[in-house]
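Source file: upload-v3.cif (mmCIF, C-alpha atoms)
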data_target
#
loop_
_atom_site.label_atom_id
_atom_site.label_comp_id
_atom_site.auth_asym_id
_atom_site.auth_seq_id
_atom_site.Cartn_x
_atom_site.Cartn_y
_atom_site.Cartn_z
CA MET A 1 122.76 142.31 150.00
CA THR A 2 121.13 140.21 147.28
CA PRO A 3 121.56 136.52 148.14
CA GLY A 4 123.70 134.44 145.82
CA LEU A 5 122.59 131.53 143.69
CA THR A 6 123.41 127.86 144.18
CA PRO A 7 123.28 125.00 141.66
CA ASP A 8 119.87 124.13 143.13
CA ASP A 9 118.57 127.40 141.63
CA ILE A 10 119.52 126.51 138.05
CA PRO A 11 116.28 124.62 137.14
CA GLY A 12 114.21 127.65 138.11
CA LEU A 13 116.08 130.19 135.98
CA VAL A 14 113.90 129.43 132.94
CA ARG A 15 110.12 129.03 132.86
CA ASP A 16 109.22 127.22 129.65
CA ASP A 17 105.47 126.52 129.48
CA ARG A 18 104.92 125.24 125.96
CA GLU A 19 101.27 124.42 126.66
CA ALA A 20 100.44 127.95 127.80
CA GLY A 21 102.79 129.58 125.29
CA LEU A 22 104.80 131.42 127.93
CA PHE A 23 108.59 131.68 128.18
CA ARG A 24 110.33 133.63 130.94
CA ILE A 25 113.98 134.18 131.96
CA ASP A 26 114.98 134.98 135.52
CA ARG A 27 116.95 138.23 135.25
CA ARG A 28 119.44 136.92 137.78
CA SER A 29 120.75 134.95 134.79
CA PHE A 30 122.18 138.29 133.62
CA THR A 31 123.25 139.77 136.94
CA ARG A 32 124.81 137.05 139.08
CA PRO A 33 128.55 136.23 138.83
CA GLU A 34 127.78 132.64 139.85
CA VAL A 35 125.86 132.16 136.59
CA LEU A 36 128.85 133.27 134.54
CA GLU A 37 131.07 130.78 136.35
CA TRP A 38 128.63 127.99 135.53
CA GLU A 39 128.56 129.17 131.90
CA ARG A 40 132.34 129.07 131.70
CA GLN A 41 132.36 125.49 132.98
CA GLN A 42 129.39 124.08 131.10
CA ILE A 43 129.36 126.15 127.88
CA PHE A 44 132.64 127.87 127.01
CA ASP A 45 134.75 124.97 128.28
CA ARG A 46 132.70 122.36 126.42
CA CYS A 47 131.12 123.75 123.24
CA TRP A 48 132.77 124.29 119.86
CA LEU A 49 133.79 127.96 119.54
CA TYR A 50 134.61 129.94 116.42
CA VAL A 51 138.30 130.85 116.24
CA GLY A 52 138.78 132.44 112.83
CA HIS A 53 138.94 131.78 109.11
CA GLU A 54 141.56 129.91 107.11
CA SER A 55 142.10 132.98 104.89
CA GLU A 56 143.68 134.71 107.91
CA VAL A 57 146.57 132.23 107.72
CA ALA A 58 146.79 131.83 103.97
CA LYS A 59 150.57 131.23 103.70
CA PRO A 60 153.05 129.13 105.69
CA GLY A 61 154.25 131.20 108.63
CA ASP A 62 151.05 133.28 108.79
CA TYR A 63 149.53 133.52 112.25
CA PHE A 64 146.99 135.40 114.31
CA THR A 65 146.33 135.65 118.03
CA ARG A 66 142.89 135.78 119.63
CA ARG A 67 141.17 135.15 122.95
CA VAL A 68 138.69 132.32 122.65
CA GLY A 69 136.72 130.91 125.56
CA GLY A 70 138.90 132.85 127.98
CA ARG A 71 142.13 131.39 126.60
CA PRO A 72 144.88 133.17 124.64
CA LEU A 73 145.17 131.30 121.34
CA LEU A 74 147.77 131.34 118.61
CA VAL A 75 146.66 130.01 115.23
CA SER A 76 149.42 129.43 112.69
CA ARG A 77 150.01 127.69 109.40
CA GLY A 78 153.13 125.55 109.53
CA PRO A 79 155.60 124.89 106.71
CA ASP A 80 153.68 121.68 106.06
CA GLY A 81 150.57 123.73 105.26
CA VAL A 82 148.69 122.49 108.34
CA ILE A 83 146.78 125.06 110.43
CA ARG A 84 147.22 124.54 114.18
CA ALA A 85 145.60 126.12 117.22
CA LEU A 86 148.00 126.47 120.14
CA ILE A 87 147.77 128.02 123.58
CA ASN A 88 149.65 131.32 123.36
CA SER A 89 151.49 130.80 126.62
CA CYS A 90 155.17 129.94 127.01
CA THR A 91 155.71 126.61 128.73
CA HIS A 92 158.50 128.22 130.77
CA ARG A 93 156.69 130.95 132.75
CA GLY A 94 153.48 131.59 130.87
CA ASN A 95 154.17 134.78 128.93
CA PRO A 96 152.58 135.00 125.44
CA VAL A 97 155.02 133.90 122.77
CA ALA A 98 153.23 135.95 120.08
CA LEU A 99 152.47 139.54 121.03
CA GLN A 100 151.10 140.87 117.75
CA ALA A 101 147.55 140.36 116.50
CA ARG A 102 148.81 138.85 113.25
CA GLY A 103 151.93 138.41 111.17
CA ASN A 104 154.24 135.97 109.42
CA THR A 105 157.20 134.32 111.09
CA LYS A 106 159.32 131.20 111.32
CA LEU A 107 159.78 131.39 115.10
CA PHE A 108 157.80 132.62 118.08
CA THR A 109 160.30 133.92 120.63
CA CYS A 110 159.05 134.62 124.12
CA PHE A 111 159.75 138.19 125.19
CA TYR A 112 160.51 137.19 128.78
CA HIS A 113 163.34 134.62 128.56
CA ALA A 114 163.66 134.12 124.78
CA TRP A 115 162.48 130.53 124.58
CA ALA A 116 161.77 129.98 120.88
CA PHE A 117 159.09 127.83 119.26
CA ASP A 118 158.47 127.01 115.60
CA THR A 119 155.10 127.45 113.92
CA LYS A 120 154.18 123.87 114.82
CA GLY A 121 154.62 124.74 118.50
CA THR A 122 157.85 122.75 118.96
CA LEU A 123 160.38 124.21 121.38
CA VAL A 124 163.51 124.67 119.25
CA ALA A 125 165.80 126.91 121.33
CA VAL A 126 166.42 127.61 125.02
CA PRO A 127 169.11 130.17 125.93
CA GLY A 128 171.67 128.56 128.21
CA ASP A 129 170.18 125.09 127.82
CA ASP A 130 173.43 123.61 129.11
CA SER A 131 172.36 124.76 132.59
CA TYR A 132 169.51 122.25 132.64
CA SER A 133 169.79 118.74 134.05
CA PRO A 134 169.52 115.59 131.91
CA GLY A 135 165.96 115.24 133.18
CA PHE A 136 164.90 118.36 131.29
CA CYS A 137 163.19 117.22 128.08
CA LYS A 138 162.94 119.94 125.46
CA GLN A 139 160.67 117.78 123.29
CA SER A 140 158.01 117.72 126.01
CA MET A 141 157.99 121.50 126.45
CA GLY A 142 156.31 122.56 123.22
CA LEU A 143 153.32 124.87 123.15
CA ALA A 144 150.11 123.18 124.27
CA ALA A 145 147.66 122.36 121.52
CA VAL A 146 143.95 123.06 121.82
CA PRO A 147 142.29 119.71 122.69
CA ARG A 148 139.97 119.78 119.65
CA PHE A 149 140.47 121.84 116.50
CA ASP A 150 138.56 121.47 113.25
CA ALA A 151 137.17 123.41 110.32
CA TYR A 152 133.93 123.59 108.42
CA ARG A 153 134.37 125.06 104.96
CA GLY A 154 137.25 127.25 106.01
CA MET A 155 135.70 128.37 109.28
CA LEU A 156 137.96 127.33 112.16
CA PHE A 157 136.56 126.07 115.46
CA ALA A 158 138.16 124.98 118.74
CA CYS A 159 136.81 123.00 121.66
CA PHE A 160 138.46 122.62 125.05
CA ASP A 161 136.65 119.36 125.86
CA PRO A 162 138.64 116.39 124.51
CA LYS A 163 135.50 114.22 124.66
CA ALA A 164 133.25 116.56 122.67
CA VAL A 165 131.37 115.28 119.64
CA ASP A 166 132.84 116.05 116.24
CA LEU A 167 132.28 119.54 114.85
CA VAL A 168 129.91 118.50 112.06
CA ASP A 169 127.79 116.54 114.54
CA TYR A 170 127.77 119.52 116.88
CA LEU A 171 126.59 121.83 114.09
CA GLY A 172 123.99 119.44 112.69
CA GLU A 173 122.47 119.37 109.24
CA GLU A 174 120.29 122.49 109.43
CA ALA A 175 123.01 124.75 110.83
CA CYS A 176 125.47 123.47 108.22
CA LYS A 177 122.98 124.36 105.51
CA ARG A 178 122.78 127.96 106.76
CA ILE A 179 126.57 128.24 106.82
CA ASP A 180 126.61 126.89 103.25
CA TYR A 181 124.06 129.49 102.16
CA PHE A 182 126.14 132.22 103.80
CA LEU A 183 129.32 131.12 102.00
CA ASP A 184 128.05 130.05 98.58
CA PHE A 185 126.61 133.38 97.39
CA GLY A 186 129.96 134.61 96.14
CA GLY A 187 131.41 132.41 93.43
CA GLU A 188 133.53 129.27 93.37
CA GLY A 189 136.69 130.93 94.64
CA GLY A 190 135.65 130.82 98.29
CA SER A 191 135.64 133.58 100.88
CA GLU A 192 138.21 135.62 102.74
CA ILE A 193 138.24 137.81 105.82
CA SER A 194 138.64 141.46 104.89
CA ASP A 195 141.61 143.20 106.51
CA GLY A 196 140.90 144.58 109.95
CA THR A 197 138.83 143.64 112.97
CA HIS A 198 136.04 145.60 114.59
CA SER A 199 136.73 145.30 118.31
CA TYR A 200 134.51 147.03 120.82
CA SER A 201 132.88 146.38 124.16
CA MET A 202 129.67 147.03 126.05
CA LYS A 203 128.51 147.04 129.63
CA ALA A 204 126.01 144.24 129.18
CA ASN A 205 125.66 140.50 129.69
CA TRP A 206 126.79 138.40 126.73
CA LYS A 207 123.42 136.69 126.37
CA LEU A 208 121.78 140.03 125.63
CA LEU A 209 123.89 140.28 122.46
CA VAL A 210 122.90 136.72 121.52
CA GLU A 211 119.26 137.76 121.71
CA ASN A 212 119.83 141.05 119.92
CA SER A 213 121.74 139.47 117.03
CA ILE A 214 118.79 137.26 116.04
CA ASP A 215 116.00 139.67 117.03
CA GLY A 216 113.91 140.91 114.12
CA TYR A 217 111.39 142.54 116.46
CA HIS A 218 113.66 145.46 117.45
CA ALA A 219 114.87 146.48 113.99
CA MET A 220 112.38 149.18 113.05
CA SER A 221 112.03 150.70 116.51
CA THR A 222 115.72 150.72 117.43
CA HIS A 223 117.31 151.47 114.05
CA GLN A 224 115.05 154.23 112.77
CA ARG A 225 118.02 156.34 111.68
CA TYR A 226 119.07 153.57 109.29
CA PHE A 227 115.70 152.55 107.91
CA ARG A 228 113.78 155.83 107.94
CA ARG A 229 116.55 158.35 107.26
CA TYR A 230 119.74 156.87 105.84
CA LEU A 231 118.12 154.54 103.29
CA PRO A 232 115.85 157.25 101.81
CA ASP A 233 118.82 159.65 101.76
CA ILE A 234 120.75 157.31 99.44
CA GLY A 235 117.72 156.73 97.21
CA PHE A 236 116.54 153.42 98.66
CA ASP A 237 112.83 152.90 99.31
CA PRO A 238 112.56 151.31 102.79
CA SER A 239 108.81 150.60 102.58
CA ALA A 240 109.38 146.87 102.06
CA TRP A 241 111.35 146.75 105.30
CA MET A 242 108.57 148.54 107.16
CA ALA A 243 105.89 146.12 105.95
CA LYS A 244 104.58 143.59 108.45
CA ARG A 245 106.26 140.18 108.29
CA SER A 246 104.18 137.12 107.45
CA PRO A 247 104.98 133.39 107.70
CA GLY A 248 105.06 133.24 103.93
CA ASP A 249 108.13 135.44 103.58
CA SER A 250 109.89 135.36 106.95
CA ARG A 251 110.43 132.95 109.79
CA GLY A 252 112.30 132.30 112.97
CA ARG A 253 113.85 128.85 113.09
CA SER A 254 115.34 126.51 115.61
CA LEU A 255 118.13 124.65 113.80
CA GLY A 256 118.61 122.10 116.57
CA ASN A 257 120.98 121.93 119.51
CA GLY A 258 120.74 125.64 120.34
CA HIS A 259 121.55 126.92 116.85
CA SER A 260 118.88 129.12 115.31
CA CYS A 261 118.20 131.81 112.72
CA VAL A 262 115.85 134.43 111.39
CA GLU A 263 115.41 134.45 107.64
CA SER A 264 113.30 136.62 105.35
CA LEU A 265 112.90 137.06 101.63
CA ASP A 266 115.38 139.70 100.50
CA ARG A 267 113.78 143.14 100.79
CA GLY A 268 116.78 144.92 99.35
CA THR A 269 119.88 146.56 100.79
CA PRO A 270 122.11 149.48 99.81
CA LEU A 271 124.29 146.87 98.10
CA SER A 272 121.40 145.78 95.89
CA LEU A 273 121.03 149.43 94.88
CA SER A 274 124.73 150.03 94.21
CA ALA A 275 125.65 146.64 92.69
CA PRO A 276 122.52 145.17 91.04
CA ASP A 277 124.36 143.75 88.02
CA GLU A 278 127.05 142.11 90.12
CA LEU A 279 124.50 140.45 92.41
CA LYS A 280 122.48 139.29 89.42
CA ALA A 281 125.59 137.69 87.94
CA LEU A 282 126.39 135.96 91.24
CA ARG A 283 122.87 134.56 91.41
CA ALA A 284 123.11 133.29 87.83
CA ASP A 285 126.36 131.55 88.76
CA LEU A 286 124.58 129.85 91.67
CA VAL A 287 121.85 128.59 89.33
CA GLU A 288 124.47 127.18 86.98
CA ARG A 289 126.40 125.43 89.76
CA PHE A 290 123.59 124.24 92.05
CA GLY A 291 120.23 124.73 90.33
CA GLU A 292 117.38 127.19 90.83
CA ASP A 293 116.06 125.75 94.09
CA TYR A 294 119.39 126.09 95.88
CA ALA A 295 120.01 129.51 94.32
CA HIS A 296 116.65 130.67 95.66
CA LEU A 297 117.45 129.55 99.21
CA THR A 298 120.92 131.06 99.05
CA ALA A 299 120.48 134.35 97.20
CA ASP A 300 116.86 135.33 97.78
CA TYR A 301 116.89 135.29 101.61
CA GLN A 302 118.56 137.44 104.21
CA ARG A 303 119.58 135.61 107.38
CA ASN A 304 120.99 136.16 110.81
CA VAL A 305 122.32 132.81 112.04
CA LEU A 306 123.36 131.88 115.57
CA ILE A 307 125.82 129.02 115.97
CA PHE A 308 125.55 128.21 119.68
CA PRO A 309 126.81 129.70 121.85
CA ASN A 310 128.23 132.94 120.40
CA LEU A 311 128.91 132.95 116.65
CA ILE A 312 126.69 135.21 114.56
CA LEU A 313 126.56 135.25 110.74
CA ILE A 314 124.67 138.17 109.15
CA SER A 315 124.20 137.61 105.42
CA MET A 316 122.91 141.12 104.64
CA PHE A 317 126.33 142.55 105.46
CA LYS A 318 128.52 139.42 105.21
CA THR A 319 129.32 139.86 108.90
CA VAL A 320 130.97 137.34 111.22
CA ARG A 321 130.69 138.26 114.92
CA THR A 322 131.79 136.68 118.18
CA PHE A 323 131.76 137.96 121.75
CA TYR A 324 132.90 136.81 125.16
CA PRO A 325 132.06 137.82 128.71
CA VAL A 326 134.76 139.53 130.75
CA SER A 327 132.36 139.70 133.67
CA HIS A 328 128.64 139.10 134.09
CA ASP A 329 127.94 142.69 132.96
CA TYR A 330 130.74 143.41 130.47
CA ILE A 331 131.55 141.83 127.10
CA GLU A 332 134.15 142.22 124.38
CA VAL A 333 133.00 141.93 120.77
CA ASP A 334 134.88 141.19 117.54
CA GLY A 335 133.44 141.49 114.07
CA TRP A 336 134.78 140.82 110.58
CA GLY A 337 133.65 141.09 106.99
CA LEU A 338 133.80 137.72 105.20
CA PHE A 339 133.64 138.48 101.49
CA PRO A 340 133.97 136.48 98.26
CA LYS A 341 137.54 136.19 97.01
CA SER A 342 136.26 136.74 93.47
CA ASP A 343 135.19 140.33 94.19
CA THR A 344 136.53 143.00 91.89
CA PRO A 345 138.12 145.95 93.72
CA GLU A 346 135.01 148.01 93.02
CA MET A 347 132.67 145.30 94.31
CA ARG A 348 134.80 144.93 97.45
CA ARG A 349 134.56 148.68 98.03
CA LYS A 350 130.76 148.50 97.73
CA ARG A 351 130.60 145.56 100.16
CA LEU A 352 132.75 147.41 102.67
CA ASP A 353 130.55 150.49 102.39
CA ASN A 354 127.48 148.33 103.02
CA PHE A 355 129.18 146.56 105.93
CA LEU A 356 130.58 149.67 107.62
CA SER A 357 127.48 151.81 107.22
CA CYS A 358 125.48 149.51 109.49
CA GLN A 359 127.64 146.93 111.28
CA GLY A 360 130.77 148.93 112.04
CA PRO A 361 131.31 150.24 115.58
CA GLY A 362 130.49 153.71 114.24
CA GLY A 363 127.75 152.54 111.87
CA PHE A 364 124.04 153.14 112.06
CA ALA A 365 123.13 149.89 113.87
CA THR A 366 125.93 149.01 116.27
CA PRO A 367 125.80 152.13 118.51
CA ASP A 368 122.01 151.73 118.72
CA ASP A 369 122.38 148.12 119.85
CA VAL A 370 125.09 148.95 122.38
CA SER A 371 122.86 151.66 123.85
CA GLY A 372 119.86 149.33 123.99
CA LEU A 373 121.69 146.42 125.62
CA GLU A 374 123.47 148.59 128.15
CA GLY A 375 120.05 150.02 128.98
CA CYS A 376 118.69 146.53 129.59
CA GLN A 377 121.60 145.75 131.90
CA ARG A 378 121.00 148.93 133.89
CA GLY A 379 117.34 148.02 134.14
CA PHE A 380 118.23 144.68 135.67
CA ALA A 381 119.23 146.55 138.82
CA SER A 382 115.55 146.23 139.69
CA VAL A 383 115.71 142.43 139.61
CA ARG A 384 114.21 142.12 143.10
CA GLU A 385 111.12 144.04 141.94
CA LEU A 386 111.04 142.80 138.32
CA GLN A 387 112.45 139.28 138.28
CA TRP A 388 111.44 137.97 134.86
CA SER A 389 112.11 138.87 131.22
CA ASP A 390 109.53 137.67 128.70
CA ILE A 391 110.51 135.88 125.48
CA SER A 392 107.07 134.48 124.58
CA ARG A 393 106.38 136.30 121.31
CA GLY A 394 105.10 133.89 118.65
CA MET A 395 105.16 130.87 120.96
CA ALA A 396 101.56 129.98 120.13
CA GLN A 397 102.07 130.41 116.39
CA PRO A 398 102.51 127.34 114.20
CA GLU A 399 104.97 129.29 112.01
CA PRO A 400 106.74 132.06 113.94
CA THR A 401 108.05 134.91 111.80
CA SER A 402 111.37 136.72 112.04
CA THR A 403 109.80 139.27 114.40
CA ASP A 404 108.80 136.49 116.81
CA GLU A 405 111.18 134.96 119.34
CA LEU A 406 111.46 131.22 118.69
CA GLN A 407 115.09 131.65 117.68
CA MET A 408 115.90 133.13 121.12
CA ARG A 409 114.00 130.43 122.96
CA ALA A 410 116.07 127.85 121.06
CA PHE A 411 119.24 129.41 122.47
CA TRP A 412 117.86 129.58 126.00
CA ARG A 413 116.68 125.97 125.95
CA LYS A 414 120.15 124.72 125.05
CA TRP A 415 121.70 127.11 127.58
CA HIS A 416 119.41 125.83 130.32
CA ALA A 417 120.01 122.19 129.41
CA LEU A 418 123.78 122.61 129.61
CA LEU A 419 123.68 124.45 132.92
CA LYS A 420 121.57 121.62 134.32
CA GLY A 421 124.22 119.14 133.16
CA ASN A 422 122.23 117.69 130.26
CA GLU A 423 124.88 117.08 127.61
CA GLY A 424 122.77 115.23 125.05
CA PHE A 425 120.50 116.50 122.34
CA ALA A 426 118.29 119.40 123.47
CA ASP A 427 114.96 119.74 121.65
CA CYS A 428 114.88 123.51 121.28
CA ASP A 429 111.72 123.97 119.24
CA ASP A 430 108.36 125.20 120.53
CA HIS A 431 106.74 121.98 119.34
CA PRO A 432 108.88 119.06 120.56
CA ALA A 433 109.75 116.34 118.09
CA GLN A 434 108.38 112.87 118.54
CA PRO A 435 110.50 110.46 120.63
CA VAL A 436 111.65 108.52 117.57
CA ALA A 437 112.89 111.70 115.89
CA GLN A 438 114.65 112.74 119.08
CA ALA A 439 116.45 109.41 119.23
CA GLN A 440 117.62 109.81 115.63
CA LEU A 441 119.01 113.26 116.43
CA ALA A 442 120.75 112.24 119.65
CA GLY A 443 123.95 111.53 117.76
CA SER A 444 124.29 115.22 116.79
CA ALA A 445 124.26 116.39 120.39
CA GLY A 446 126.85 118.70 121.77
#
Exercise: express the given structure as structure tokens:
Amino acid sequence: MTPGLTPDDIPGLVRDDREAGLFRIDRRSFTRPEVLEWERQQIFDRCWLYVGHESEVAKPGDYFTRRVGGRPLLVSRGPDGVIRALINSCTHRGNPVALQARGNTKLFTCFYHAWAFDTKGTLVAVPGDDSYSPGFCKQSMGLAAVPRFDAYRGMLFACFDPKAVDLVDYLGEEACKRIDYFLDFGGEGGSEISDGTHSYSMKANWKLLVENSIDGYHAMSTHQRYFRRYLPDIGFDPSAWMAKRSPGDSRGRSLGNGHSCVESLDRGTPLSLSAPDELKALRADLVERFGEDYAHLTADYQRNVLIFPNLILISMFKTVRTFYPVSHDYIEVDGWGLFPKSDTPEMRRKRLDNFLSCQGPGGFATPDDVSGLEGCQRGFASVRELQWSDISRGMAQPEPTSTDELQMRAFWRKWHALLKGNEGFADCDDHPAQPVAQAQLAGSAG
């Protein structure tokens, strides 16, 4: 039997030799249940986690239910217009009070004993309440609120640590900029989640999907059907995608505190082929509102952004993705399209086609990725013979490109710091900042 891990093993799970340009991950990080338990305590119980988007609860009484960080959550908009995140568990015996994925209601009535709660979480009715003693206080039996709940530009986040830093500090300036870029290329009307959720699973460790989601290195080898067959079939020349990346037009970035991204000058997508005039008009609107420099950063780059630990934004397809571990070798994934509200019906159809053709569970990319990550997990059965995974690509380069792996190392450095109990700012770049700069950034730790 393979021996278990103890907290004393945590420092040795990552080998980060910046001087030699070598970065290695102990594969037991993917295979040991003890590691997942540490992650639940140090990461999912303490970091800010994406919950949903305000457009999913647009009207008073709107609600949705979702599992976040292992908890069943109920997010509702009350009659006062305030969005609240509540634990979807009856204070009587624990049954969920909302059983549907989404809806509109004035009351949440528990299926088990019919205790009823309003959309603010207040307990308003208990059948046979005259059977309770005077010591029973209905006012104290409302649904439990999530300890911390906040929004950044309509994106809703929860945190189960009451002492956590504020959301904006947790995100930091560079990550906020990438979220802004993702949201602003779509007109002044804001964004909305398209109807429906892509929910699927895979037999792989959750950190493998973190790596995969910001990995430019695998695209051409893994997704050949998309780039070499589908794109030419619809009349799109994929040669720009096949060209070698250079620091001048692509880069991998650490955004601080575990957040990271890959970004490249736009090489074209099926949407740019089917909706060139619409995209040109959206870019012109950006220039008018923000100026050419901001329009260039927003509209002329494609980005995959990781908000630590498990939120992925993919600008090429307007995709929002989260995922959570059920066990050390099994994860559940949810994905949504987040599109501009100002879309015409025809433009929305084109966006959905672009989104579904690649990012949907039956698209060209997702099944490839599931197959690849499940293959990695199967390969980890040889952990006693092959203990280390290598994530060193581009570590010696002054400007890593999107096909290098700085963005993954940024994630792993924050992951390692948290598992070791280091709650402050984690310098996640290959070339550490100077002490003065680190001190200035300490306030944005999380």
Hey, could you make a per-residue contact list for segment 203-270 of chain A against segment 22-44 of chain A with 9 Å as the cut-off, showing the nearest pair of atoms and its distance in Å to one decimal, counting only C-alpha atoms, sorted by chain and number, as a tab-separated table?
residue	atom	partner	partner_atom	distance
A:Ala204	CA	A:Phe30	CA	8.4
A:Asn205	CA	A:Phe30	CA	5.7
A:Trp206	CA	A:Phe30	CA	8.3
A:Lys207	CA	A:Phe30	CA	7.5
A:Leu208	CA	A:Phe30	CA	8.2
List the residues matched by the PyMOL selection byres ((chain A and resi 113-115) around 9) in the displayed structure as a PyMOL selection string, ordered by chain and then by residue number.
chain A and resi 90-93+97+108-112+116-117+123-127
Could you please determine the separation between atom CA of Val383 of chain A and atom CA of Arg15 of chain A in Å, to one decimal place?
16.0 Å
Residue nearest Asp429 of chain A - candidates A:Gly256, A:Pro309, A:Pro325, A:Pro345, atoms counted: all atoms listed in the file:
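Once distances to Asp429 of chain A are computed over all atoms listed in the file, the minimum belongs to A:Gly256.
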Nearest candidate to Gly52 of chain A (options A:Thr197, A:Ser213, A:Thr298, A:Gln139; using all atoms listed in the file)
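Closest candidate: A:Thr197.
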